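Q: Below is the file model_31.tsv, with TSV, C-alpha atoms.
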```tsv
chain	number	residue	atom	x	y	z
A	1	MET	CA	-30.12	-8.23	-26.72
A	2	SER	CA	-28.98	-5.48	-24.42
A	3	GLU	CA	-32.07	-6.16	-22.34
A	4	GLN	CA	-30.90	-9.75	-21.93
A	5	TYR	CA	-27.54	-8.50	-20.64
A	6	LYS	CA	-29.26	-6.30	-18.12
A	7	ASP	CA	-31.07	-9.28	-16.61
A	8	ARG	CA	-27.90	-11.22	-15.94
A	9	ASP	CA	-25.00	-8.89	-16.29
A	10	PRO	CA	-21.98	-11.15	-15.72
A	11	ASN	CA	-19.84	-8.17	-14.80
A	12	SER	CA	-22.11	-6.54	-12.27
A	13	GLY	CA	-20.27	-5.90	-9.04
A	14	HIS	CA	-22.51	-7.11	-6.26
A	15	PRO	CA	-24.60	-10.28	-6.55
A	16	ASP	CA	-27.71	-8.15	-6.00
A	17	GLY	CA	-26.58	-5.97	-8.87
A	18	GLU	CA	-26.38	-3.08	-6.42
A	19	HIS	CA	-23.23	-1.27	-5.43
A	20	HIS	CA	-22.37	-2.32	-1.89
A	21	ILE	CA	-21.53	0.57	0.41
A	22	VAL	CA	-19.18	-0.18	3.28
A	23	GLY	CA	-20.17	1.90	6.30
A	24	PRO	CA	-18.21	3.97	8.85
A	25	LEU	CA	-18.62	1.34	11.57
A	26	THR	CA	-16.76	-1.26	9.47
A	27	TYR	CA	-14.06	1.27	8.63
A	28	LEU	CA	-13.66	2.20	12.31
A	29	THR	CA	-13.38	-1.47	13.34
A	30	ILE	CA	-10.73	-2.13	10.68
A	31	PHE	CA	-8.91	1.06	11.66
A	32	GLY	CA	-8.86	-0.20	15.26
A	33	CYS	CA	-7.55	-3.61	14.16
A	34	LEU	CA	-4.78	-1.95	12.14
A	35	LEU	CA	-3.74	0.12	15.18
A	36	VAL	CA	-3.67	-3.01	17.35
A	37	GLY	CA	-1.64	-4.79	14.65
A	38	THR	CA	0.87	-1.92	14.56
A	39	ALA	CA	1.24	-1.99	18.35
A	40	LEU	CA	1.69	-5.79	18.29
A	41	THR	CA	4.34	-5.71	15.57
A	42	ILE	CA	6.33	-2.98	17.37
A	43	GLY	CA	6.04	-4.85	20.67
A	44	ALA	CA	7.04	-8.18	19.08
A	45	SER	CA	10.18	-6.62	17.61
A	46	TYR	CA	11.53	-6.08	21.14
A	47	LEU	CA	11.10	-9.75	22.06
A	48	GLU	CA	13.93	-12.22	21.55
A	49	LEU	CA	12.40	-14.82	19.24
A	50	GLY	CA	15.38	-15.75	17.09
A	51	PRO	CA	14.33	-16.76	13.57
A	52	TRP	CA	10.67	-16.18	14.47
A	53	ASN	CA	11.03	-12.39	14.73
A	54	PRO	CA	10.85	-11.79	10.95
A	55	VAL	CA	8.23	-14.52	10.54
A	56	LEU	CA	5.97	-12.91	13.14
A	57	ALA	CA	6.54	-9.41	11.73
A	58	ILE	CA	5.65	-10.52	8.20
A	59	LEU	CA	2.64	-12.51	9.46
A	60	ILE	CA	1.24	-9.44	11.21
A	61	ALA	CA	1.95	-7.32	8.10
A	62	VAL	CA	0.10	-9.86	5.90
A	63	ILE	CA	-2.91	-9.81	8.24
A	64	LYS	CA	-2.95	-5.99	8.23
A	65	ALA	CA	-2.62	-5.86	4.43
A	66	THR	CA	-5.42	-8.43	4.04
A	67	LEU	CA	-7.73	-6.31	6.20
A	68	VAL	CA	-6.95	-3.24	4.10
A	69	VAL	CA	-7.58	-5.13	0.83
A	70	LEU	CA	-10.79	-6.79	2.02
A	71	PHE	CA	-12.47	-3.82	3.68
A	72	PHE	CA	-10.82	-0.49	2.79
A	73	MET	CA	-10.47	-1.64	-0.82
A	74	HIS	CA	-13.89	-3.38	-0.80
A	75	ILE	CA	-12.65	-6.69	-2.20
A	76	LYS	CA	-14.78	-8.65	0.28
A	77	TYR	CA	-17.85	-7.14	-1.37
A	78	SER	CA	-16.58	-7.29	-4.94
A	79	SER	CA	-17.25	-9.72	-7.79
A	80	LYS	CA	-15.30	-12.92	-8.39
A	81	LEU	CA	-13.43	-11.21	-11.22
A	82	MET	CA	-11.96	-8.68	-8.78
A	83	LYS	CA	-11.13	-11.33	-6.19
A	84	LEU	CA	-9.38	-13.35	-8.89
A	85	THR	CA	-7.47	-10.27	-10.03
A	86	VAL	CA	-6.14	-9.61	-6.53
A	87	GLY	CA	-5.35	-13.30	-6.12
A	88	ALA	CA	-3.42	-13.27	-9.40
A	89	GLY	CA	-1.38	-10.32	-8.14
A	90	VAL	CA	-0.49	-12.07	-4.89
A	91	PHE	CA	0.31	-15.31	-6.73
A	92	THR	CA	2.60	-13.61	-9.25
A	93	PHE	CA	4.34	-11.73	-6.45
A	94	LEU	CA	4.94	-15.02	-4.61
A	95	ILE	CA	6.46	-16.50	-7.78
A	96	LEU	CA	8.76	-13.48	-8.04
A	97	VAL	CA	9.95	-13.81	-4.44
A	98	GLY	CA	9.83	-17.60	-4.21
A	99	MET	CA	11.70	-18.36	-7.43
A	100	SER	CA	14.29	-15.68	-6.72
A	101	LEU	CA	14.93	-17.01	-3.23
A	102	SER	CA	14.74	-20.71	-4.17
A	103	ASP	CA	18.55	-20.91	-4.30
A	104	TYR	CA	18.88	-19.59	-0.76
A	105	ILE	CA	16.04	-21.73	0.54
A	106	SER	CA	17.53	-24.93	-0.95
A	107	ARG	CA	21.23	-24.23	-0.44
A	108	ALA	CA	21.42	-25.93	2.95
A	109	TRP	CA	18.88	-28.58	1.97
A	110	GLY	CA	19.20	-31.67	4.19
A	111	GLN	CA	21.89	-30.12	6.37
A	112	TRP	CA	19.57	-29.01	9.18
B	113	MET	CA	-23.36	-9.76	-35.38
B	114	SER	CA	-26.90	-9.67	-34.19
B	115	ASP	CA	-25.69	-8.26	-30.88
B	116	SER	CA	-24.08	-5.16	-32.37
B	117	HIS	CA	-27.09	-4.64	-34.59
B	118	ALA	CA	-29.45	-4.81	-31.63
B	119	ILE	CA	-27.39	-2.33	-29.65
B	120	ALA	CA	-27.21	0.01	-32.62
B	121	THR	CA	-30.99	0.06	-33.02
B	122	ALA	CA	-31.50	0.51	-29.31
B	123	GLU	CA	-29.12	3.44	-29.42
B	124	ALA	CA	-31.00	5.13	-32.25
B	125	GLY	CA	-34.12	5.73	-30.23
B	126	HIS	CA	-32.14	6.50	-27.12
B	127	ASP	CA	-33.33	9.07	-24.62
B	128	HIS	CA	-30.62	10.63	-22.47
B	129	GLY	CA	-33.05	11.20	-19.65
B	130	GLU	CA	-33.07	7.45	-19.00
B	131	HIS	CA	-29.63	7.26	-17.42
B	132	PRO	CA	-27.02	9.53	-15.80
B	133	ALA	CA	-25.01	11.58	-18.27
B	134	TYR	CA	-21.77	10.00	-17.10
B	135	LEU	CA	-22.80	6.47	-18.17
B	136	ARG	CA	-20.80	5.82	-21.33
B	137	HIS	CA	-22.75	4.30	-24.17
B	138	HIS	CA	-20.46	1.32	-24.64
B	139	PHE	CA	-21.38	0.01	-21.19
B	140	VAL	CA	-24.53	-2.00	-20.59
B	141	SER	CA	-25.10	-0.64	-17.11
B	142	LEU	CA	-23.65	1.64	-14.48
B	143	GLU	CA	-22.47	-1.39	-12.49
B	144	GLN	CA	-20.55	-2.66	-15.50
B	145	GLN	CA	-18.94	0.75	-16.00
B	146	GLN	CA	-17.89	0.97	-12.35
B	147	GLU	CA	-16.63	-2.60	-12.39
B	148	THR	CA	-14.58	-1.92	-15.52
B	149	ALA	CA	-13.05	1.22	-14.00
B	150	SER	CA	-11.98	-0.49	-10.80
B	151	PHE	CA	-10.80	-3.58	-12.72
B	152	GLY	CA	-8.52	-1.31	-14.74
B	153	MET	CA	-7.29	0.31	-11.53
B	154	TRP	CA	-6.54	-3.09	-10.03
B	155	LEU	CA	-4.57	-4.12	-13.12
B	156	PHE	CA	-2.45	-1.01	-12.62
B	157	LEU	CA	-2.01	-1.92	-8.96
B	158	LEU	CA	-0.82	-5.41	-10.00
B	159	THR	CA	2.00	-3.79	-11.98
B	160	GLU	CA	2.76	-1.77	-8.86
B	161	ILE	CA	2.88	-4.95	-6.77
B	162	MET	CA	5.47	-6.38	-9.17
B	163	PHE	CA	7.40	-3.09	-9.16
B	164	PHE	CA	7.70	-2.93	-5.38
B	165	GLY	CA	8.03	-6.74	-5.34
B	166	GLY	CA	11.33	-6.43	-7.20
B	167	LEU	CA	12.62	-4.03	-4.54
B	168	PHE	CA	11.46	-6.31	-1.73
B	169	THR	CA	13.15	-9.30	-3.39
B	170	ALA	CA	16.41	-7.38	-3.76
B	171	TYR	CA	16.19	-6.43	-0.09
B	172	LEU	CA	15.61	-10.03	1.03
B	173	ILE	CA	18.54	-11.36	-1.04
B	174	TYR	CA	21.00	-8.68	0.09
B	175	ARG	CA	19.88	-9.06	3.70
B	176	ASN	CA	20.71	-12.75	3.33
B	177	TRP	CA	24.15	-11.94	1.88
B	178	TYR	CA	25.26	-9.13	4.21
B	179	TYR	CA	23.26	-10.05	7.28
B	180	PRO	CA	25.48	-8.42	10.00
B	181	ALA	CA	25.69	-5.17	8.03
B	182	PHE	CA	21.90	-5.11	7.54
B	183	VAL	CA	21.26	-5.76	11.23
B	184	ALA	CA	23.68	-3.03	12.36
B	185	ALA	CA	22.42	-0.51	9.78
B	186	SER	CA	18.76	-1.10	10.65
B	187	HIS	CA	19.56	-0.32	14.30
B	188	THR	CA	20.38	3.26	13.31
B	189	LEU	CA	16.83	3.89	12.05
B	190	ASN	CA	14.57	5.98	14.24
B	191	ILE	CA	11.94	3.54	15.46
B	192	PHE	CA	9.81	6.30	16.99
B	193	GLU	CA	9.55	8.21	13.73
B	194	GLY	CA	8.90	4.98	11.82
B	195	SER	CA	6.07	4.06	14.18
B	196	LEU	CA	4.68	7.60	14.03
B	197	ASN	CA	4.61	7.42	10.23
B	198	THR	CA	2.84	4.06	10.35
B	199	LEU	CA	0.21	5.60	12.60
B	200	ILE	CA	-0.14	8.62	10.31
B	201	LEU	CA	-0.50	6.51	7.17
B	202	ILE	CA	-3.03	4.09	8.65
B	203	THR	CA	-5.09	7.04	9.89
B	204	SER	CA	-4.93	8.64	6.44
B	205	SER	CA	-6.16	5.38	4.92
B	206	PHE	CA	-9.08	5.48	7.33
B	207	THR	CA	-9.94	9.10	6.49
B	208	MET	CA	-9.72	8.26	2.76
B	209	ALA	CA	-12.05	5.27	3.23
B	210	MET	CA	-14.46	7.65	5.00
B	211	GLY	CA	-14.11	10.01	2.04
B	212	VAL	CA	-15.22	7.26	-0.33
B	213	TRP	CA	-18.19	6.53	1.94
B	214	CYS	CA	-19.14	10.23	2.01
B	215	ALA	CA	-18.99	10.35	-1.80
B	216	GLU	CA	-21.10	7.19	-2.06
B	217	THR	CA	-23.73	8.61	0.30
B	218	LYS	CA	-23.50	12.11	-1.26
B	219	ARG	CA	-22.20	13.91	1.83
B	220	ARG	CA	-20.41	16.93	0.40
B	221	GLN	CA	-19.08	18.41	3.66
B	222	GLY	CA	-17.95	15.00	4.85
B	223	LEU	CA	-16.10	14.34	1.60
B	224	ILE	CA	-14.30	17.68	1.76
B	225	ILE	CA	-13.32	17.20	5.42
B	226	SER	CA	-12.11	13.64	4.74
B	227	LEU	CA	-10.00	14.77	1.80
B	228	ILE	CA	-8.50	17.66	3.78
B	229	LEU	CA	-7.60	15.31	6.66
B	230	THR	CA	-6.07	12.80	4.23
B	231	LEU	CA	-4.08	15.61	2.62
B	232	ILE	CA	-2.78	16.88	5.99
B	233	LEU	CA	-1.82	13.37	7.12
B	234	GLY	CA	-0.08	12.68	3.79
B	235	LEU	CA	1.96	15.88	4.15
B	236	GLY	CA	2.70	14.97	7.79
B	237	PHE	CA	4.07	11.62	6.65
B	238	LEU	CA	6.40	13.34	4.18
B	239	GLY	CA	7.48	15.80	6.88
B	240	VAL	CA	8.51	13.01	9.25
B	241	LYS	CA	10.21	11.23	6.34
B	242	ALA	CA	12.16	14.38	5.50
B	243	ASP	CA	13.34	14.60	9.12
B	244	GLU	CA	14.54	10.99	8.91
B	245	TYR	CA	16.36	11.68	5.65
B	246	HIS	CA	18.01	14.69	7.30
B	247	GLU	CA	19.22	12.46	10.14
B	248	LYS	CA	20.79	10.14	7.54
B	249	TYR	CA	22.51	13.14	6.00
B	250	VAL	CA	23.94	14.24	9.37
B	251	LYS	CA	25.18	10.71	10.10
B	252	HIS	CA	26.73	10.30	6.61
B	253	HIS	CA	24.38	7.42	5.88
B	254	ILE	CA	23.33	8.63	2.43
B	255	PRO	CA	24.97	6.36	-0.21
B	256	GLY	CA	27.48	8.13	-2.40
B	257	HIS	CA	30.70	10.04	-1.90
B	258	THR	CA	29.61	11.43	1.48
B	259	PHE	CA	28.84	7.97	2.84
B	260	SER	CA	30.91	6.81	5.82
B	261	PRO	CA	30.75	3.37	7.47
B	262	GLN	CA	33.01	4.57	10.34
B	263	GLY	CA	30.13	4.52	12.84
B	264	PHE	CA	29.80	0.77	12.24
B	265	ILE	CA	33.54	0.00	12.52
B	266	HIS	CA	33.96	2.12	15.65
B	267	PRO	CA	30.56	2.39	17.37
B	268	ASP	CA	30.38	5.19	19.93
B	269	GLN	CA	30.07	4.53	23.69
B	270	GLU	CA	26.30	4.81	23.66
B	271	ALA	CA	25.95	2.24	20.89
B	272	LEU	CA	28.40	-0.15	22.57
B	273	LYS	CA	26.40	0.12	25.80
B	274	GLY	CA	23.28	-0.72	23.80
B	275	GLY	CA	24.90	-4.02	22.78
B	276	GLU	CA	26.14	-2.88	19.37
B	277	LYS	CA	29.16	-4.89	18.12
B	278	PRO	CA	31.84	-3.34	15.88
B	279	LEU	CA	31.82	-4.66	12.31
B	280	ALA	CA	34.89	-5.59	10.27
B	281	PRO	CA	35.62	-2.85	7.70
B	282	ASP	CA	34.63	-4.99	4.67
B	283	MET	CA	31.27	-5.89	6.24
B	284	ALA	CA	30.73	-2.33	7.51
B	285	ALA	CA	31.13	-1.10	3.91
B	286	LYS	CA	28.07	-3.21	3.01
B	287	THR	CA	25.85	-1.02	5.19
B	288	GLU	CA	25.89	1.23	2.13
B	289	VAL	CA	23.89	-1.48	0.32
B	290	TYR	CA	21.33	-1.40	3.13
B	291	PHE	CA	21.01	2.38	2.90
B	292	SER	CA	20.81	2.24	-0.92
B	293	LEU	CA	17.85	-0.12	-0.62
B	294	TYR	CA	16.41	1.94	2.24
B	295	PHE	CA	16.44	5.07	0.08
B	296	ALA	CA	15.23	3.24	-3.04
B	297	MET	CA	12.28	1.67	-1.20
B	298	THR	CA	11.22	4.56	1.04
B	299	GLY	CA	12.04	6.98	-1.79
B	300	MET	CA	9.79	5.22	-4.31
B	301	HIS	CA	7.13	5.03	-1.63
B	302	ALA	CA	7.50	8.77	-0.98
B	303	VAL	CA	7.24	9.47	-4.74
B	304	HIS	CA	3.93	7.59	-4.71
B	305	MET	CA	2.83	9.70	-1.74
B	306	ILE	CA	3.75	12.92	-3.59
B	307	ILE	CA	1.79	11.82	-6.69
B	308	GLY	CA	-1.12	10.89	-4.42
B	309	ILE	CA	-1.03	14.28	-2.70
B	310	ALA	CA	-1.06	16.06	-6.08
B	311	LEU	CA	-4.10	14.03	-7.19
B	312	LEU	CA	-5.70	14.65	-3.80
B	313	CYS	CA	-5.34	18.43	-4.23
B	314	GLY	CA	-7.07	18.28	-7.61
B	315	MET	CA	-9.85	16.10	-6.21
B	316	LEU	CA	-10.34	18.45	-3.24
B	317	TRP	CA	-10.57	21.44	-5.55
B	318	LYS	CA	-13.24	19.70	-7.62
B	319	ALA	CA	-15.11	18.53	-4.51
B	320	THR	CA	-15.38	22.09	-3.18
B	321	ARG	CA	-17.02	22.96	-6.51
B	322	GLY	CA	-19.69	20.30	-6.02
B	323	ALA	CA	-18.18	17.39	-7.95
B	324	TYR	CA	-18.77	13.70	-7.06
B	325	MET	CA	-22.26	14.38	-5.69
B	326	ASP	CA	-24.12	12.95	-8.68
B	327	GLY	CA	-22.99	9.35	-8.18
B	328	ASN	CA	-20.07	9.71	-10.59
B	329	ILE	CA	-17.46	8.76	-8.03
B	330	ALA	CA	-15.22	6.34	-9.95
B	331	TYR	CA	-12.34	8.80	-9.58
B	332	VAL	CA	-12.72	9.00	-5.79
B	333	GLU	CA	-13.01	5.22	-5.47
B	334	ASN	CA	-9.99	4.53	-7.67
B	335	PHE	CA	-7.92	7.16	-5.91
B	336	GLY	CA	-8.91	5.43	-2.66
B	337	LEU	CA	-7.57	2.12	-4.04
B	338	TYR	CA	-4.29	3.84	-4.94
B	339	TRP	CA	-3.98	5.47	-1.51
B	340	HIS	CA	-4.68	2.19	0.30
B	341	PHE	CA	-2.13	0.42	-1.89
B	342	VAL	CA	0.54	2.95	-0.87
B	343	ASP	CA	-0.49	2.28	2.74
B	344	ILE	CA	-0.03	-1.48	2.21
B	345	VAL	CA	3.47	-0.94	0.80
B	346	TRP	CA	4.37	0.94	3.99
B	347	ILE	CA	2.78	-1.81	6.14
B	348	PHE	CA	5.49	-4.12	4.73
B	349	LEU	CA	8.32	-1.59	4.54
B	350	PHE	CA	8.02	-0.63	8.21
B	351	PRO	CA	8.69	-4.08	9.76
B	352	LEU	CA	11.24	-5.11	7.11
B	353	LEU	CA	13.38	-1.97	7.35
B	354	TYR	CA	12.87	-0.92	10.97
B	355	LEU	CA	11.77	-3.84	13.08
B	356	ILE	CA	12.93	-7.35	12.16
B	357	SER	CA	16.52	-6.87	13.33
B	358	ARG	CA	15.67	-4.82	16.43
B	359	HIS	CA	16.37	-7.45	19.06
B	360	GLN	CA	19.81	-8.46	17.73
```
Can you dump the structure from the file as structure tokens?
A:
Amino acid sequence: MSEQYKDRDPNSGHPDGEHHIVGPLTYLTIFGCLLVGTALTIGASYLELGPWNPVLAILIAVIKATLVVLFFMHIKYSSKLMKLTVGAGVFTFLILVGMSLSDYISRAWGQW
Amino acid sequence: MSDSHAIATAEAGHDHGEHPAYLRHHFVSLEQQQETASFGMWLFLLTEIMFFGGLFTAYLIYRNWYYPAFVAASHTLNIFEGSLNTLILITSSFTMAMGVWCAETKRRQGLIISLILTLILGLGFLGVKADEYHEKYVKHHIPGHTFSPQGFIHPDQEALKGGEKPLAPDMAAKTEVYFSLYFAMTGMHAVHMIIGIALLCGMLWKATRGAYMDGNIAYVENFGLYWHFVDIVWIFLFPLLYLISRHQ
């Protein structure tokens, strides 16, 4: 029976069954992107964009965080179980923030 | 039933030369063991997301309530030191990722150098943070009995020239809420950094004694996940605390 599991191990990380190694070139590229993202977010904070300042700052932060999760934390090369786990974390976090802020979001509903 | 029986019989005639000593017997394969370890680590990180998520939610709600106080208080943060710390932390994430690669490809020197660089950068981050905390102390911006909102009611000439508007005393008092959240969020982040640095020291000590070169690198990988998570928290803290009210 254990032999049968070995053939199609549902929990094996990489589809090939081999541990995927992310190389220095990928890490360097992502490192560069994160530096560019940091420069952009600092630069954008000096622009006068009204309500779009926080939106832009959070958007850049989300992109940076996604790059870290996908490449530094290897999620891009991980199994569906791991991708689902990360997705569940993000989803639950959005419920926490969204439900808590729903009062403030809806308070001026229809008065724009 | 038949499954457990089959595994038990397989185990009886089991030769330990067939697999690495660190493969636990209750796992089918090395991949499954590694997957289980990082799955467990990710579950821990989910609880961390919710933990910091609560702080972020509190910050968003209070910023909504006491908006002028939050804008004025965030203007007193040192944007240069905040940016420097972002740079330091992103670089340390990169060196840690390289450390994981070195462990995966069995490069002992590379692993040790990566861990040392990560350690130095982590300590550098805390050093800059300590300097920022000291500035708060000098300006009476630490919540508690030494806190003073006077600088927000009567901004000095330099601040007025920079476009700073005086706040009414009741709103100025709410800057203490901003600084409470500032210290709670950056403080909890710093605690995570200190824990990370302690773990890093232990890992470095083991690496210099030849550990992690036999493919048993779950500890290095999971520490990497933790370190990158702490980096992600800062990626959000930096714009929310330092940047989004800059222009106003």
Q: Write out as a list in words each polymer residue whose atoms come within 12 Å of Leu135 (chain B), counting all atoms listed in the file; drop sequence neighbours fewer than 3 positions from it.
A: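 Counting all atoms listed in the file, the residues come to His128, Gly129, Glu130, His131, Pro132, His138, Phe139, Val140, Ser141, Leu142, Glu143, Gln144, Gln145, Gln146, Ala149, Asp326, Gly327, Asn328, Ile329 and Ala330 of chain B.
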Q: What box, with edges along x, y and z, holds each listed atom of region 84-91 of chain A when 3 Å is added on every side, and can you state its centre and edge lengths in Å to one decimal, as JSON?
A:
```
{"center_x": -4.5, "center_y": -12.5, "center_z": -7.5, "size_x": 15.7, "size_y": 11.7, "size_z": 11.1}
```
Q: Report the distance between CA of Ile95 (chain A) and CA of Glu288 (chain B) in Å, rounded to one decimal place.
A: 28.1 Å
Q: How far is it from CA of Leu158 (chain B) to CA of Met82 (chain A), in Å with one decimal?
A: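 Taking CA of Leu158 (chain B) as the start and CA of Met82 (chain A) as the end point, the length is 11.7 Å.
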Q: Suppose you want the space between CA of Ala285 (chain B) and CA of Pro261 (chain B); what is it in Å?
A: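 Pair CA of Ala285 (chain B) / CA of Pro261 (chain B) returns 5.7 Å.
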Q: Excluding Phe291 (chain B) and any residue of its chain fewer than 3 positions from it, enumerate the residues within 7 Å of it, using all atoms listed in the file, and give them as a VMD selection string.
A: chain B and resid 253 to 255 287 to 288 294 to 295
Q: For a quick check of understanding, using all atoms listed in the file, which of A:Pro24, A:Gly37, A:Gly89, A:Gly32 has the smallest distance to Ala61 (chain A)?
A: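 Looking only at the distances to Ala61 (chain A), the closest residue turns out to be A:Gly37.
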Q: Looking at A:Ala65, A:Ile105, A:Leu70, A:Cys33, which one is nearest to chain B, with distances taken over all atoms listed in the file?
A: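 Comparing A:Ala65, A:Ile105, A:Leu70, A:Cys33 against chain B, the winner is A:Ala65.
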Q: Kindly provide, as a ChimeraX atom specification, the residues of chain B having any atom no farther than 6 Å from an atom of chain A, counting only C-alpha atoms.
A: /B:143-144,147,158,169,209,337,344,347-348,355-356,358-359
Q: If we count all atoms listed in the file, what is near Leu229 (chain B) at a cut-off of 12 Å, once residues fewer than 4 positions away on the same chain are taken out, given as a list in words?
A: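 Residues meeting the cut-off are Ile200, Leu201, Thr203, Ser204, Ser205, Phe206, Thr207, Met208, Ala209, Met210, Gly211, Gly222, Leu223, Ile224, Ile225, Leu233, Gly234, Leu235, Gly236, Ile309, Leu312, Cys313 and Leu316 of chain B.
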Q: Need to verify the contact set: Lys277 (chain B), 12 Å, all atoms listed in the file, exclusion of same-chain residues closer than 2 positions in sequence. Can you return it as JSON, numbers by chain?
A: {"B": [180, 181, 183, 184, 185, 187, 263, 264, 265, 266, 267, 268, 269, 270, 271, 272, 273, 274, 275, 279, 280, 284, 360]}
Q: Ranking B:His301, B:Arg220, B:His252, B:Lys318 by minimum distance to Tyr331 (chain B) and counting all atoms listed in the file, which one comes first?
A: B:Lys318
Q: Output as a JSON list (two decimals), in the coordinates of the input: region 162-183 of chain B, completed with N, CA and C atoms.
A:
```json
[["chain", "number", "residue", "atom", "x", "y", "z"],
["B", 162, "MET", "N", 4.26, -5.78, -8.61],
["B", 162, "MET", "CA", 5.47, -6.38, -9.17],
["B", 162, "MET", "C", 6.63, -5.40, -9.08],
["B", 163, "PHE", "N", 6.35, -4.11, -9.23],
["B", 163, "PHE", "CA", 7.40, -3.09, -9.16],
["B", 163, "PHE", "C", 8.02, -3.05, -7.76],
["B", 164, "PHE", "N", 7.18, -2.92, -6.74],
["B", 164, "PHE", "CA", 7.70, -2.93, -5.38],
["B", 164, "PHE", "C", 8.20, -4.33, -5.00],
["B", 165, "GLY", "N", 7.59, -5.37, -5.60],
["B", 165, "GLY", "CA", 8.03, -6.74, -5.34],
["B", 165, "GLY", "C", 9.50, -6.94, -5.70],
["B", 166, "GLY", "N", 9.93, -6.34, -6.81],
["B", 166, "GLY", "CA", 11.33, -6.43, -7.20],
["B", 166, "GLY", "C", 12.24, -5.83, -6.14],
["B", 167, "LEU", "N", 11.82, -4.67, -5.59],
["B", 167, "LEU", "CA", 12.62, -4.03, -4.54],
["B", 167, "LEU", "C", 12.66, -4.89, -3.28],
["B", 168, "PHE", "N", 11.50, -5.45, -2.92],
["B", 168, "PHE", "CA", 11.46, -6.31, -1.73],
["B", 168, "PHE", "C", 12.35, -7.54, -1.91],
["B", 169, "THR", "N", 12.32, -8.12, -3.11],
["B", 169, "THR", "CA", 13.15, -9.30, -3.39],
["B", 169, "THR", "C", 14.63, -8.96, -3.27],
["B", 170, "ALA", "N", 15.02, -7.82, -3.85],
["B", 170, "ALA", "CA", 16.41, -7.38, -3.76],
["B", 170, "ALA", "C", 16.80, -7.22, -2.30],
["B", 171, "TYR", "N", 15.90, -6.63, -1.51],
["B", 171, "TYR", "CA", 16.19, -6.43, -0.09],
["B", 171, "TYR", "C", 16.40, -7.76, 0.63],
["B", 172, "LEU", "N", 15.51, -8.72, 0.36],
["B", 172, "LEU", "CA", 15.61, -10.03, 1.03],
["B", 172, "LEU", "C", 16.92, -10.73, 0.68],
["B", 173, "ILE", "N", 17.31, -10.68, -0.61],
["B", 173, "ILE", "CA", 18.54, -11.36, -1.04],
["B", 173, "ILE", "C", 19.77, -10.70, -0.43],
["B", 174, "TYR", "N", 19.82, -9.36, -0.46],
["B", 174, "TYR", "CA", 21.00, -8.68, 0.09],
["B", 174, "TYR", "C", 21.07, -8.81, 1.61],
["B", 175, "ARG", "N", 19.89, -8.87, 2.24],
["B", 175, "ARG", "CA", 19.88, -9.06, 3.70],
["B", 175, "ARG", "C", 20.47, -10.44, 4.03],
["B", 176, "ASN", "N", 20.18, -11.41, 3.18],
["B", 176, "ASN", "CA", 20.71, -12.75, 3.33],
["B", 176, "ASN", "C", 22.24, -12.75, 3.17],
["B", 177, "TRP", "N", 22.72, -11.99, 2.18],
["B", 177, "TRP", "CA", 24.15, -11.94, 1.88],
["B", 177, "TRP", "C", 24.95, -11.22, 2.97],
["B", 178, "TYR", "N", 24.49, -10.01, 3.30],
["B", 178, "TYR", "CA", 25.26, -9.13, 4.21],
["B", 178, "TYR", "C", 24.50, -8.96, 5.52],
["B", 179, "TYR", "N", 24.15, -10.07, 6.12],
["B", 179, "TYR", "CA", 23.26, -10.05, 7.28],
["B", 179, "TYR", "C", 23.76, -9.15, 8.41],
["B", 180, "PRO", "N", 25.04, -9.28, 8.89],
["B", 180, "PRO", "CA", 25.48, -8.42, 10.00],
["B", 180, "PRO", "C", 25.40, -6.93, 9.66],
["B", 181, "ALA", "N", 25.75, -6.58, 8.42],
["B", 181, "ALA", "CA", 25.69, -5.17, 8.03],
["B", 181, "ALA", "C", 24.24, -4.68, 8.05],
["B", 182, "PHE", "N", 23.31, -5.52, 7.58],
["B", 182, "PHE", "CA", 21.90, -5.11, 7.54],
["B", 182, "PHE", "C", 21.33, -4.96, 8.94],
["B", 183, "VAL", "N", 21.74, -5.86, 9.85],
["B", 183, "VAL", "CA", 21.26, -5.76, 11.23],
["B", 183, "VAL", "C", 21.77, -4.46, 11.86]]
```
